[in-house]
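Asks: Got a file for you: protein01.cif, mmCIF, C-alpha atoms and all ligand atoms.
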data_entry
#
loop_
_atom_site.group_PDB
_atom_site.id
_atom_site.type_symbol
_atom_site.label_atom_id
_atom_site.label_comp_id
_atom_site.auth_asym_id
_atom_site.auth_seq_id
_atom_site.Cartn_x
_atom_site.Cartn_y
_atom_site.Cartn_z
ATOM 1 C CA MET A 1 9.297 10.662 8.947
ATOM 2 C CA THR A 2 8.433 7.545 10.790
ATOM 3 C CA THR A 3 4.981 6.538 12.061
ATOM 4 C CA VAL A 4 4.766 6.542 15.859
ATOM 5 C CA LEU A 5 2.113 4.519 17.690
ATOM 6 C CA PHE A 6 1.483 4.880 21.423
ATOM 7 C CA ASP A 7 0.138 2.590 24.092
ATOM 8 C CA MET A 8 -2.361 4.332 26.413
ATOM 9 C CA ASP A 9 -2.355 3.032 30.002
ATOM 10 C CA GLY A 10 0.913 3.957 31.678
ATOM 11 C CA VAL A 11 1.892 6.137 28.720
ATOM 12 C CA ILE A 12 -0.884 8.759 28.575
ATOM 13 C CA LEU A 13 -3.054 7.701 31.526
ATOM 14 C CA GLU A 14 -1.335 7.532 34.895
ATOM 15 C CA GLY A 15 -0.840 4.054 36.285
ATOM 16 C CA PRO A 16 -0.437 0.780 34.430
ATOM 17 C CA ARG A 17 -4.091 -0.236 34.160
ATOM 18 C CA THR A 18 -7.767 0.362 34.857
ATOM 19 C CA ASP A 19 -8.594 0.192 38.565
ATOM 20 C CA PRO A 20 -10.139 -3.266 39.258
ATOM 21 C CA GLN A 21 -12.990 -1.505 41.080
ATOM 22 C CA VAL A 22 -14.128 -0.072 37.741
ATOM 23 C CA TYR A 23 -14.595 -3.598 36.388
ATOM 24 C CA ALA A 24 -16.183 -4.817 39.610
ATOM 25 C CA ASP A 25 -18.788 -2.049 39.442
ATOM 26 C CA ALA A 26 -19.272 -2.644 35.717
ATOM 27 C CA ALA A 27 -19.891 -6.373 36.249
ATOM 28 C CA ASP A 28 -22.431 -5.651 38.995
ATOM 29 C CA ALA A 29 -24.257 -3.164 36.775
ATOM 30 C CA ALA A 30 -24.271 -5.560 33.795
ATOM 31 C CA LEU A 31 -25.524 -8.498 35.912
ATOM 32 C CA ALA A 32 -28.266 -6.330 37.409
ATOM 33 C CA GLU A 33 -29.362 -5.170 33.982
ATOM 34 C CA LEU A 34 -29.585 -8.789 32.822
ATOM 35 C CA ASP A 35 -31.444 -9.856 35.988
ATOM 36 C CA ALA A 36 -28.739 -12.445 36.620
ATOM 37 C CA GLU A 37 -28.326 -13.847 40.098
ATOM 38 C CA PRO A 38 -24.879 -15.432 40.374
ATOM 39 C CA THR A 39 -23.509 -16.929 43.572
ATOM 40 C CA PRO A 40 -20.992 -14.707 45.423
ATOM 41 C CA ALA A 41 -18.140 -16.845 44.048
ATOM 42 C CA GLN A 42 -19.453 -16.555 40.507
ATOM 43 C CA ARG A 43 -19.920 -12.815 40.922
ATOM 44 C CA ARG A 44 -16.288 -12.519 41.926
ATOM 45 C CA ASP A 45 -15.202 -14.222 38.698
ATOM 46 C CA PHE A 46 -17.551 -12.067 36.615
ATOM 47 C CA LYS A 47 -15.701 -9.032 37.992
ATOM 48 C CA ASN A 48 -12.371 -10.341 36.761
ATOM 49 C CA HIS A 49 -11.812 -11.363 33.177
ATOM 50 C CA ASP A 50 -11.714 -15.105 33.623
ATOM 51 C CA THR A 51 -13.129 -15.846 30.196
ATOM 52 C CA GLU A 52 -13.379 -19.620 30.720
ATOM 53 C CA ARG A 53 -15.414 -19.301 33.888
ATOM 54 C CA ILE A 54 -17.523 -16.462 32.558
ATOM 55 C CA ARG A 55 -18.406 -18.598 29.543
ATOM 56 C CA ALA A 56 -19.449 -21.464 31.815
ATOM 57 C CA TYR A 57 -21.452 -19.295 34.247
ATOM 58 C CA CYS A 58 -23.332 -17.572 31.452
ATOM 59 C CA GLU A 59 -24.487 -20.954 30.211
ATOM 60 C CA GLU A 60 -25.410 -22.077 33.691
ATOM 61 C CA LEU A 61 -27.297 -18.863 34.507
ATOM 62 C CA GLU A 62 -28.788 -18.572 31.011
ATOM 63 C CA VAL A 63 -27.176 -15.202 30.528
ATOM 64 C CA ASP A 64 -26.320 -14.118 26.988
ATOM 65 C CA LEU A 65 -22.513 -14.044 27.042
ATOM 66 C CA ALA A 66 -22.138 -11.449 24.286
ATOM 67 C CA ARG A 67 -24.648 -9.132 25.951
ATOM 68 C CA PHE A 68 -23.007 -9.486 29.345
ATOM 69 C CA TRP A 69 -19.578 -8.820 27.908
ATOM 70 C CA LYS A 70 -20.657 -5.767 25.950
ATOM 71 C CA LEU A 71 -22.578 -4.309 28.901
ATOM 72 C CA LYS A 72 -19.640 -4.820 31.234
ATOM 73 C CA GLU A 73 -17.296 -3.124 28.766
ATOM 74 C CA THR A 74 -19.709 -0.225 28.269
ATOM 75 C CA TYR A 75 -20.138 0.322 32.013
ATOM 76 C CA ALA A 76 -16.370 0.053 32.517
ATOM 77 C CA SER A 77 -15.858 2.726 29.877
ATOM 78 C CA SER A 78 -18.272 5.162 31.483
ATOM 79 C CA GLY A 79 -16.731 4.466 34.907
ATOM 80 C CA THR A 80 -13.275 5.159 33.507
ATOM 81 C CA HIS A 81 -14.406 8.342 31.761
ATOM 82 C CA ASP A 82 -15.947 9.621 35.017
ATOM 83 C CA ARG A 83 -12.650 9.039 36.800
ATOM 84 C CA LEU A 84 -10.738 10.931 34.147
ATOM 85 C CA ARG A 85 -13.176 13.868 34.134
ATOM 86 C CA SER A 86 -13.024 14.115 37.938
ATOM 87 C CA GLY A 87 -9.232 13.915 37.923
ATOM 88 C CA GLU A 88 -9.282 10.764 40.059
ATOM 89 C CA ARG A 89 -7.081 9.254 37.393
ATOM 90 C CA GLY A 90 -4.489 11.647 36.020
ATOM 91 C CA ILE A 91 -2.784 12.304 32.718
ATOM 92 C CA TYR A 92 1.031 12.325 32.512
ATOM 93 C CA GLU A 93 2.500 15.789 32.203
ATOM 94 C CA ASP A 94 4.688 14.956 29.223
ATOM 95 C CA VAL A 95 1.825 14.108 26.796
ATOM 96 C CA GLY A 96 2.415 17.506 25.185
ATOM 97 C CA ALA A 97 5.268 15.799 23.331
ATOM 98 C CA ILE A 98 2.715 13.599 21.533
ATOM 99 C CA ARG A 99 0.675 16.658 20.627
ATOM 100 C CA GLU A 100 3.802 18.201 19.142
ATOM 101 C CA LEU A 101 4.539 15.023 17.225
ATOM 102 C CA THR A 102 1.095 14.933 15.572
ATOM 103 C CA ASP A 103 2.066 18.087 13.664
ATOM 104 C CA ARG A 104 5.207 16.435 12.336
ATOM 105 C CA THR A 105 4.385 12.843 11.559
ATOM 106 C CA THR A 106 1.738 10.109 11.480
ATOM 107 C CA THR A 107 0.694 9.053 14.975
ATOM 108 C CA GLY A 108 -1.656 6.512 16.472
ATOM 109 C CA LEU A 109 -3.052 5.298 19.764
ATOM 110 C CA VAL A 110 -3.162 1.502 20.024
ATOM 111 C CA THR A 111 -4.186 0.034 23.347
ATOM 112 C CA ASN A 112 -5.460 -3.103 25.053
ATOM 113 C CA ASN A 113 -8.000 -0.871 26.738
ATOM 114 C CA ARG A 114 -11.522 -0.551 25.363
ATOM 115 C CA HIS A 115 -11.911 1.180 22.003
ATOM 116 C CA GLU A 116 -14.591 3.467 23.440
ATOM 117 C CA THR A 117 -12.156 4.635 26.124
ATOM 118 C CA ALA A 118 -9.314 5.088 23.636
ATOM 119 C CA GLU A 119 -11.523 7.426 21.587
ATOM 120 C CA PHE A 120 -12.589 9.270 24.727
ATOM 121 C CA VAL A 121 -8.981 9.723 25.857
ATOM 122 C CA ALA A 122 -7.789 11.034 22.485
ATOM 123 C CA GLU A 123 -10.530 13.649 22.624
ATOM 124 C CA PHE A 124 -10.079 14.345 26.346
ATOM 125 C CA VAL A 125 -6.354 15.041 26.068
ATOM 126 C CA GLY A 126 -6.811 16.850 22.761
ATOM 127 C CA ILE A 127 -4.407 14.793 20.679
ATOM 128 C CA ASP A 128 -5.218 14.514 16.994
ATOM 129 C CA PHE A 129 -4.074 10.936 16.336
ATOM 130 C CA ASP A 130 -4.293 9.651 12.767
ATOM 131 C CA ILE A 131 -5.643 6.378 14.104
ATOM 132 C CA VAL A 132 -7.122 5.210 17.398
ATOM 133 C CA ARG A 133 -7.553 1.505 18.086
ATOM 134 C CA GLY A 134 -8.636 -0.218 21.270
ATOM 135 C CA ARG A 135 -10.146 -3.613 21.904
ATOM 136 C CA ASP A 136 -13.585 -4.473 20.600
ATOM 137 C CA PRO A 137 -16.319 -4.977 23.245
ATOM 138 C CA THR A 138 -16.546 -8.699 22.581
ATOM 139 C CA LEU A 139 -14.909 -11.699 24.163
ATOM 140 C CA GLU A 140 -13.027 -12.300 20.922
ATOM 141 C CA GLY A 141 -11.891 -8.685 20.977
ATOM 142 C CA TYR A 142 -10.627 -9.165 24.511
ATOM 143 C CA GLU A 143 -8.624 -12.215 23.492
ATOM 144 C CA ARG A 144 -6.864 -10.281 20.706
ATOM 145 C CA ARG A 145 -5.064 -8.020 23.175
ATOM 146 C CA LYS A 146 -1.291 -7.603 23.266
ATOM 147 C CA PRO A 147 1.065 -9.403 23.377
ATOM 148 C CA ALA A 148 -0.847 -10.399 20.207
ATOM 149 C CA PRO A 149 -0.005 -7.913 17.441
ATOM 150 C CA TYR A 150 -3.634 -7.939 16.163
ATOM 151 C CA TYR A 151 -4.649 -4.335 16.882
ATOM 152 C CA LEU A 152 -1.217 -2.950 15.942
ATOM 153 C CA GLU A 153 -1.336 -4.778 12.614
ATOM 154 C CA GLU A 154 -4.844 -3.520 12.009
ATOM 155 C CA ALA A 155 -3.778 0.069 12.736
ATOM 156 C CA LEU A 156 -0.780 -0.209 10.404
ATOM 157 C CA ALA A 157 -2.976 -1.646 7.642
ATOM 158 C CA ASP A 158 -5.487 1.189 8.094
ATOM 159 C CA LEU A 159 -2.664 3.722 7.879
ATOM 160 C CA GLY A 160 -1.197 1.941 4.878
ATOM 161 C CA VAL A 161 2.258 1.702 6.428
ATOM 162 C CA SER A 162 4.400 -1.269 7.409
ATOM 163 C CA ASP A 163 7.033 0.183 9.703
ATOM 164 C CA GLY A 164 7.315 2.617 12.552
ATOM 165 C CA LEU A 165 7.826 2.850 16.298
ATOM 166 C CA TYR A 166 5.605 1.593 19.134
ATOM 167 C CA VAL A 167 5.955 3.278 22.513
ATOM 168 C CA GLY A 168 4.754 1.374 25.574
ATOM 169 C CA ASP A 169 5.411 0.876 29.272
ATOM 170 C CA SER A 170 5.141 -2.911 29.396
ATOM 171 C CA PRO A 171 7.214 -5.835 28.103
ATOM 172 C CA LYS A 172 4.144 -7.061 26.210
ATOM 173 C CA ASP A 173 4.220 -3.828 24.194
ATOM 174 C CA VAL A 174 7.699 -4.759 23.023
ATOM 175 C CA VAL A 175 6.573 -8.303 22.166
ATOM 176 C CA ALA A 176 3.526 -7.064 20.229
ATOM 177 C CA GLY A 177 5.425 -4.254 18.546
ATOM 178 C CA ARG A 178 8.154 -6.539 17.308
ATOM 179 C CA ALA A 179 5.619 -9.112 16.122
ATOM 180 C CA ALA A 180 3.986 -6.333 14.092
ATOM 181 C CA GLY A 181 7.363 -5.471 12.546
ATOM 182 C CA LEU A 182 7.873 -2.231 14.467
ATOM 183 C CA GLU A 183 10.744 -0.723 16.365
ATOM 184 C CA THR A 184 9.857 -0.420 20.029
ATOM 185 C CA ALA A 185 10.467 2.040 22.831
ATOM 186 C CA PHE A 186 10.160 0.951 26.454
ATOM 187 C CA LEU A 187 8.999 3.992 28.419
ATOM 188 C CA ARG A 188 10.067 4.342 32.033
ATOM 189 C CA ARG A 189 7.340 5.336 34.497
ATOM 190 C CA SER A 190 7.284 5.091 38.285
ATOM 191 C CA HIS A 191 5.350 1.775 38.149
ATOM 192 C CA ASN A 192 7.907 -0.006 35.946
ATOM 193 C CA ARG A 193 11.022 1.517 37.479
ATOM 194 C CA GLU A 194 12.141 -1.811 38.957
ATOM 195 C CA ARG A 195 11.501 -3.857 35.832
ATOM 196 C CA GLU A 196 14.291 -4.864 33.563
ATOM 197 C CA CYS A 197 14.112 -3.195 30.180
ATOM 198 C CA PRO A 198 13.092 -5.903 27.670
ATOM 199 C CA PRO A 199 16.421 -6.769 25.985
ATOM 200 C CA ASN A 200 14.938 -6.589 22.499
ATOM 201 C CA ALA A 201 13.413 -3.128 22.895
ATOM 202 C CA THR A 202 14.938 -0.738 20.356
ATOM 203 C CA TYR A 203 14.981 2.183 22.801
ATOM 204 C CA GLU A 204 14.582 2.803 26.508
ATOM 205 C CA LEU A 205 13.091 6.233 27.192
ATOM 206 C CA GLU A 206 12.787 8.288 30.359
ATOM 207 C CA SER A 207 9.944 10.463 29.082
ATOM 208 C CA LEU A 208 7.702 11.054 26.083
ATOM 209 C CA ALA A 209 9.798 14.090 25.221
ATOM 210 C CA GLU A 210 12.604 11.701 24.305
ATOM 211 C CA VAL A 211 10.445 10.243 21.510
ATOM 212 C CA LEU A 212 11.041 13.494 19.633
ATOM 213 C CA SER A 213 14.807 13.085 19.698
ATOM 214 C CA VAL A 214 14.651 9.392 18.824
ATOM 215 C CA ILE A 215 12.690 9.958 15.632
ATOM 216 C CA ASP A 216 14.994 12.810 14.650
ATOM 217 C CA GLU A 217 18.039 10.540 14.841
ATOM 218 C CA PRO A 218 19.608 9.946 11.466
ATOM 219 C CA VAL A 219 19.182 6.415 10.173
ATOM 220 C CA LEU A 220 22.533 4.637 10.433
HETATM 221 MG MG MG B 1 0.554 0.275 29.099
#
Show me, as structure tokens, the structure contained in the file I just sent.
Ligand SMILES: [Mg+2]
Replies:
Amino acid sequence: MTTVLFDMDGVILEGPRTDPQVYADAADAALAELDAEPTPAQRRDFKNHDTERIRAYCEELEVDLARFWKLKETYASSGTHDRLRSGERGIYEDVGAIRELTDRTTTGLVTNNRHETAEFVAEFVGIDFDIVRGRDPTLEGYERRKPAPYYLEEALADLGVSDGLYVGDSPKDVVAGRAAGLETAFLRRSHNRERECPPNATYELESLAEVLSVIDEPVL
């Protein structure tokens, strides 16, 4: 039976991405902890992920870049986890299909989101993935996100497999999945309803339940 890896945001967690306010609050908390006093314009850039500018400002303000980055990521994770616990951010109703799949085959969670949050989500939704991989809390880790296949390739190597299926809600999931040598499934959600299905996606799915039928299809 084939290995099935899942993206997280827009597949398990409702909505395509972390609310920008989570990162804004995380940047403020990290800057305060480091006693940094950026200008309002600099602060705005610290809240986004403009790595070039953040590098430059850290030098200018004599802020340790690695410490800032890690603190921001850590605060963003706890902000995200609070929102999940409170129900402010929901879980898709069809994730039960993944739970069912974990009994039948090797599964993994591979996301651009923070590794700490990926581990929290796996536990929170009670899915026993064989591997969980999110981005490392470093600037380098941030730059290895999809469409780069880095984290997918790492997960496959850890599992000791070289083929499988990657299920995601974004065209970059298809790009990364293919680059890692996987089949890909483009999952339809309300936020990507208007997008064209990437032409090189292996499958286009209307729900996670359809993953079960796809992997049961006989190989032609
Ligand atoms: Mg996604």
Asks: Counting only C-alpha atoms and all ligand atoms, what residues are within 12 Å of ligand MG 1 (chain B), given as a ChimeraX atom specification?
Replies: /A:6-18,109-113,145-147,166-174,176,185-189,191-192
Asks: Between atom CA of Asp130 of chain A and atom CA of Ala97 of chain A, measure the distance and give it in Å to one decimal.
Replies: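 Taking atom CA of Asp130 of chain A as the start and atom CA of Ala97 of chain A as the end point, the length is 15.5 Å.
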Asks: Could you tell me which of A:Thr138, A:Thr74, A:Ser162, A:Ser207 comes closest to Ile98 of chain A if we count all atoms listed in the file?
Replies: A:Ser207
Asks: Around (-27.4, -7.6, 39.3) in the file's frame, which residues reach within 12 Å when counting only C-alpha atoms? Return as a PyMOL selection string?
Replies: chain A and resi 24-40+43+46-47+63+68+71-72
Asks: Please expand the PyMOL selection byres (((chain A and resi 89) around 10) and not hetatm) into the concrete residues it hits in this file, giving the result as a VMD selection string.
Replies: chain A and resid 13 to 15 18 to 19 80 to 88 90 to 92
Asks: Considering all atoms listed in the file, return as a list in words whatever protein or nucleic-acid residues lie within 8 Å of Asn48 of chain A, sequence-local ones (same chain, fewer than 2 positions apart) excluded.
Replies: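 Residues meeting the cut-off are Pro20, Tyr23, Ala24, Arg44, Asp45, Phe46 and Asp50 of chain A.
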Asks: Residues as selected, C-alpha atoms, written as a tab-separated table (two decimals), in the coordinates of the input, can you do that?
Replies:
chain	number	residue	atom	x	y	z
A	20	PRO	CA	-10.14	-3.27	39.26
A	23	TYR	CA	-14.60	-3.60	36.39
A	24	ALA	CA	-16.18	-4.82	39.61
A	44	ARG	CA	-16.29	-12.52	41.93
A	45	ASP	CA	-15.20	-14.22	38.70
A	46	PHE	CA	-17.55	-12.07	36.62
A	50	ASP	CA	-11.71	-15.10	33.62
Asks: Quick one, how far is atom CA of Ala66 of chain A from atom CA of Ala157 of chain A?
Replies: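 Here the two named atoms are 27.2 Å from each other.
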Asks: Could you check how far atom CA of Thr105 of chain A sits from atom CA of Thr2 of chain A, in Å to one decimal?
Replies: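 About the pair atom CA of Thr105 of chain A and atom CA of Thr2 of chain A: they are 6.7 Å apart.
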Asks: Closest to Thr107 of chain A among A:Glu60, A:Asp128, A:Glu196, A:Glu183, using only C-alpha atoms?
Replies: A:Asp128
Asks: Just checking: using all atoms listed in the file, which residue out of A:Val22, A:Leu139, A:Ala41, A:Leu159 ends up closest to Trp69 of chain A?
Replies: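 Using all atoms listed in the file, the shortest distance to Trp69 of chain A belongs to A:Leu139.
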Asks: Given the file shown, determine the residues that the PyMOL selection byres (((chain A and resi 119) around 12) and not hetatm) selects; report them as an NGL selection string.
Replies: :A and (8 or 77 or 81 or 108-111 or 113-118 or 120-135)
Asks: Each side padded by 5 Å, which centre and which edge lengths in Å (one decimal) define the axis-aligned box around the listed atoms of segment 194-199 of chain A? Give them as AutoDock Vina command-line options.
Replies:
--center_x 14.0 --center_y -4.3 --center_z 32.5 --size_x 14.9 --size_y 15.0 --size_z 23.0
Asks: Could I see segment 140-151 of chain A restored to all heavy atoms, set down as a PDB file, keeping the file's coordinate frame?
Replies:
ATOM      1  N   GLU A 140     -14.075 -12.088  21.918  1.00  0.00           N
ATOM      2  CA  GLU A 140     -13.027 -12.300  20.922  1.00  0.00           C
ATOM      3  C   GLU A 140     -12.095 -11.087  20.894  1.00  0.00           C
ATOM      4  O   GLU A 140     -10.878 -11.232  20.795  1.00  0.00           O
ATOM      5  CB  GLU A 140     -13.634 -12.504  19.526  1.00  0.00           C
ATOM      6  CG  GLU A 140     -14.464 -13.766  19.356  1.00  0.00           C
ATOM      7  CD  GLU A 140     -15.799 -13.728  20.106  1.00  0.00           C
ATOM      8  OE1 GLU A 140     -16.358 -12.613  20.288  1.00  0.00           O
ATOM      9  OE2 GLU A 140     -16.260 -14.794  20.543  1.00  0.00           O
ATOM     10  N   GLY A 141     -12.681  -9.914  20.972  1.00  0.00           N
ATOM     11  CA  GLY A 141     -11.891  -8.685  20.977  1.00  0.00           C
ATOM     12  C   GLY A 141     -10.952  -8.637  22.172  1.00  0.00           C
ATOM     13  O   GLY A 141      -9.812  -8.182  22.072  1.00  0.00           O
ATOM     14  N   TYR A 142     -11.441  -9.133  23.294  1.00  0.00           N
ATOM     15  CA  TYR A 142     -10.627  -9.165  24.511  1.00  0.00           C
ATOM     16  C   TYR A 142      -9.433 -10.102  24.324  1.00  0.00           C
ATOM     17  O   TYR A 142      -8.318  -9.799  24.749  1.00  0.00           O
ATOM     18  CB  TYR A 142     -11.491  -9.623  25.689  1.00  0.00           C
ATOM     19  CG  TYR A 142     -10.758  -9.658  26.997  1.00  0.00           C
ATOM     20  CD1 TYR A 142     -10.479  -8.479  27.684  1.00  0.00           C
ATOM     21  CD2 TYR A 142     -10.328 -10.860  27.553  1.00  0.00           C
ATOM     22  CE1 TYR A 142      -9.799  -8.502  28.889  1.00  0.00           C
ATOM     23  CE2 TYR A 142      -9.647 -10.894  28.752  1.00  0.00           C
ATOM     24  CZ  TYR A 142      -9.384  -9.712  29.418  1.00  0.00           C
ATOM     25  OH  TYR A 142      -8.701  -9.733  30.598  1.00  0.00           O
ATOM     26  N   GLU A 143      -9.686 -11.215  23.651  1.00  0.00           N
ATOM     27  CA  GLU A 143      -8.624 -12.215  23.492  1.00  0.00           C
ATOM     28  C   GLU A 143      -7.580 -11.824  22.444  1.00  0.00           C
ATOM     29  O   GLU A 143      -6.561 -12.479  22.313  1.00  0.00           O
ATOM     30  CB  GLU A 143      -9.258 -13.584  23.176  1.00  0.00           C
ATOM     31  CG  GLU A 143      -9.945 -14.141  24.421  1.00  0.00           C
ATOM     32  CD  GLU A 143     -10.749 -15.408  24.185  1.00  0.00           C
ATOM     33  OE1 GLU A 143     -11.176 -15.647  23.043  1.00  0.00           O
ATOM     34  OE2 GLU A 143     -10.959 -16.150  25.170  1.00  0.00           O
ATOM     35  N   ARG A 144      -7.834 -10.736  21.714  1.00  0.00           N
ATOM     36  CA  ARG A 144      -6.864 -10.281  20.706  1.00  0.00           C
ATOM     37  C   ARG A 144      -5.901  -9.235  21.257  1.00  0.00           C
ATOM     38  O   ARG A 144      -5.181  -8.576  20.502  1.00  0.00           O
ATOM     39  CB  ARG A 144      -7.617  -9.649  19.529  1.00  0.00           C
ATOM     40  CG  ARG A 144      -8.350 -10.661  18.698  1.00  0.00           C
ATOM     41  CD  ARG A 144      -9.221  -9.963  17.675  1.00  0.00           C
ATOM     42  NE  ARG A 144      -9.979 -10.929  16.918  1.00  0.00           N
ATOM     43  CZ  ARG A 144     -11.210 -10.712  16.448  1.00  0.00           C
ATOM     44  NH1 ARG A 144     -11.798  -9.555  16.655  1.00  0.00           N
ATOM     45  NH2 ARG A 144     -11.829 -11.653  15.785  1.00  0.00           N
ATOM     46  N   ARG A 145      -5.928  -9.044  22.569  1.00  0.00           N
ATOM     47  CA  ARG A 145      -5.064  -8.020  23.175  1.00  0.00           C
ATOM     48  C   ARG A 145      -3.586  -8.374  23.034  1.00  0.00           C
ATOM     49  O   ARG A 145      -3.230  -9.522  22.820  1.00  0.00           O
ATOM     50  CB  ARG A 145      -5.397  -7.888  24.678  1.00  0.00           C
ATOM     51  CG  ARG A 145      -6.762  -7.294  24.969  1.00  0.00           C
ATOM     52  CD  ARG A 145      -7.135  -7.488  26.422  1.00  0.00           C
ATOM     53  NE  ARG A 145      -6.990  -8.908  26.769  1.00  0.00           N
ATOM     54  CZ  ARG A 145      -6.398  -9.356  27.847  1.00  0.00           C
ATOM     55  NH1 ARG A 145      -5.904  -8.531  28.728  1.00  0.00           N
ATOM     56  NH2 ARG A 145      -6.285 -10.653  28.068  1.00  0.00           N
ATOM     57  N   LYS A 146      -2.730  -7.353  23.211  1.00  0.00           N
ATOM     58  CA  LYS A 146      -1.291  -7.603  23.266  1.00  0.00           C
ATOM     59  C   LYS A 146      -1.024  -8.585  24.401  1.00  0.00           C
ATOM     60  O   LYS A 146      -1.720  -8.527  25.413  1.00  0.00           O
ATOM     61  CB  LYS A 146      -0.540  -6.291  23.564  1.00  0.00           C
ATOM     62  CG  LYS A 146      -0.650  -5.253  22.476  1.00  0.00           C
ATOM     63  CD  LYS A 146      -0.106  -3.907  22.959  1.00  0.00           C
ATOM     64  CE  LYS A 146      -1.020  -3.243  23.938  1.00  0.00           C
ATOM     65  NZ  LYS A 146      -0.630  -1.888  24.349  1.00  0.00           N
ATOM     66  N   PRO A 147      -0.050  -9.460  24.324  1.00  0.00           N
ATOM     67  CA  PRO A 147       1.065  -9.403  23.377  1.00  0.00           C
ATOM     68  C   PRO A 147       0.729  -9.773  21.928  1.00  0.00           C
ATOM     69  O   PRO A 147       1.626  -9.748  21.087  1.00  0.00           O
ATOM     70  CB  PRO A 147       2.073 -10.397  23.967  1.00  0.00           C
ATOM     71  CG  PRO A 147       1.252 -11.344  24.765  1.00  0.00           C
ATOM     72  CD  PRO A 147       0.123 -10.537  25.320  1.00  0.00           C
ATOM     73  N   ALA A 148      -0.521 -10.144  21.624  1.00  0.00           N
ATOM     74  CA  ALA A 148      -0.847 -10.399  20.207  1.00  0.00           C
ATOM     75  C   ALA A 148      -0.705  -9.078  19.432  1.00  0.00           C
ATOM     76  O   ALA A 148      -1.057  -8.022  19.946  1.00  0.00           O
ATOM     77  CB  ALA A 148      -2.272 -10.933  20.097  1.00  0.00           C
ATOM     78  N   PRO A 149      -0.209  -9.149  18.212  1.00  0.00           N
ATOM     79  CA  PRO A 149      -0.005  -7.913  17.441  1.00  0.00           C
ATOM     80  C   PRO A 149      -1.268  -7.458  16.703  1.00  0.00           C
ATOM     81  O   PRO A 149      -1.223  -6.505  15.927  1.00  0.00           O
ATOM     82  CB  PRO A 149       1.095  -8.317  16.451  1.00  0.00           C
ATOM     83  CG  PRO A 149       0.874  -9.782  16.236  1.00  0.00           C
ATOM     84  CD  PRO A 149       0.354 -10.342  17.548  1.00  0.00           C
ATOM     85  N   TYR A 150      -2.414  -8.131  16.952  1.00  0.00           N
ATOM     86  CA  TYR A 150      -3.634  -7.939  16.163  1.00  0.00           C
ATOM     87  C   TYR A 150      -4.010  -6.460  15.941  1.00  0.00           C
ATOM     88  O   TYR A 150      -4.146  -6.003  14.811  1.00  0.00           O
ATOM     89  CB  TYR A 150      -4.791  -8.678  16.850  1.00  0.00           C
ATOM     90  CG  TYR A 150      -6.091  -8.613  16.092  1.00  0.00           C
ATOM     91  CD1 TYR A 150      -6.423  -9.586  15.147  1.00  0.00           C
ATOM     92  CD2 TYR A 150      -7.004  -7.588  16.322  1.00  0.00           C
ATOM     93  CE1 TYR A 150      -7.613  -9.525  14.449  1.00  0.00           C
ATOM     94  CE2 TYR A 150      -8.200  -7.515  15.617  1.00  0.00           C
ATOM     95  CZ  TYR A 150      -8.498  -8.486  14.689  1.00  0.00           C
ATOM     96  OH  TYR A 150      -9.685  -8.426  13.999  1.00  0.00           O
ATOM     97  N   TYR A 151      -4.177  -5.720  17.034  1.00  0.00           N
ATOM     98  CA  TYR A 151      -4.649  -4.335  16.882  1.00  0.00           C
ATOM     99  C   TYR A 151      -3.571  -3.428  16.278  1.00  0.00           C
ATOM    100  O   TYR A 151      -3.880  -2.482  15.558  1.00  0.00           O
ATOM    101  CB  TYR A 151      -5.164  -3.781  18.223  1.00  0.00           C
ATOM    102  CG  TYR A 151      -6.428  -4.468  18.691  1.00  0.00           C
ATOM    103  CD1 TYR A 151      -6.458  -5.202  19.878  1.00  0.00           C
ATOM    104  CD2 TYR A 151      -7.602  -4.404  17.928  1.00  0.00           C
ATOM    105  CE1 TYR A 151      -7.616  -5.846  20.296  1.00  0.00           C
ATOM    106  CE2 TYR A 151      -8.764  -5.055  18.341  1.00  0.00           C
ATOM    107  CZ  TYR A 151      -8.766  -5.770  19.528  1.00  0.00           C
ATOM    108  OH  TYR A 151      -9.914  -6.413  19.940  1.00  0.00           O
TER     109      TYR A 151
END
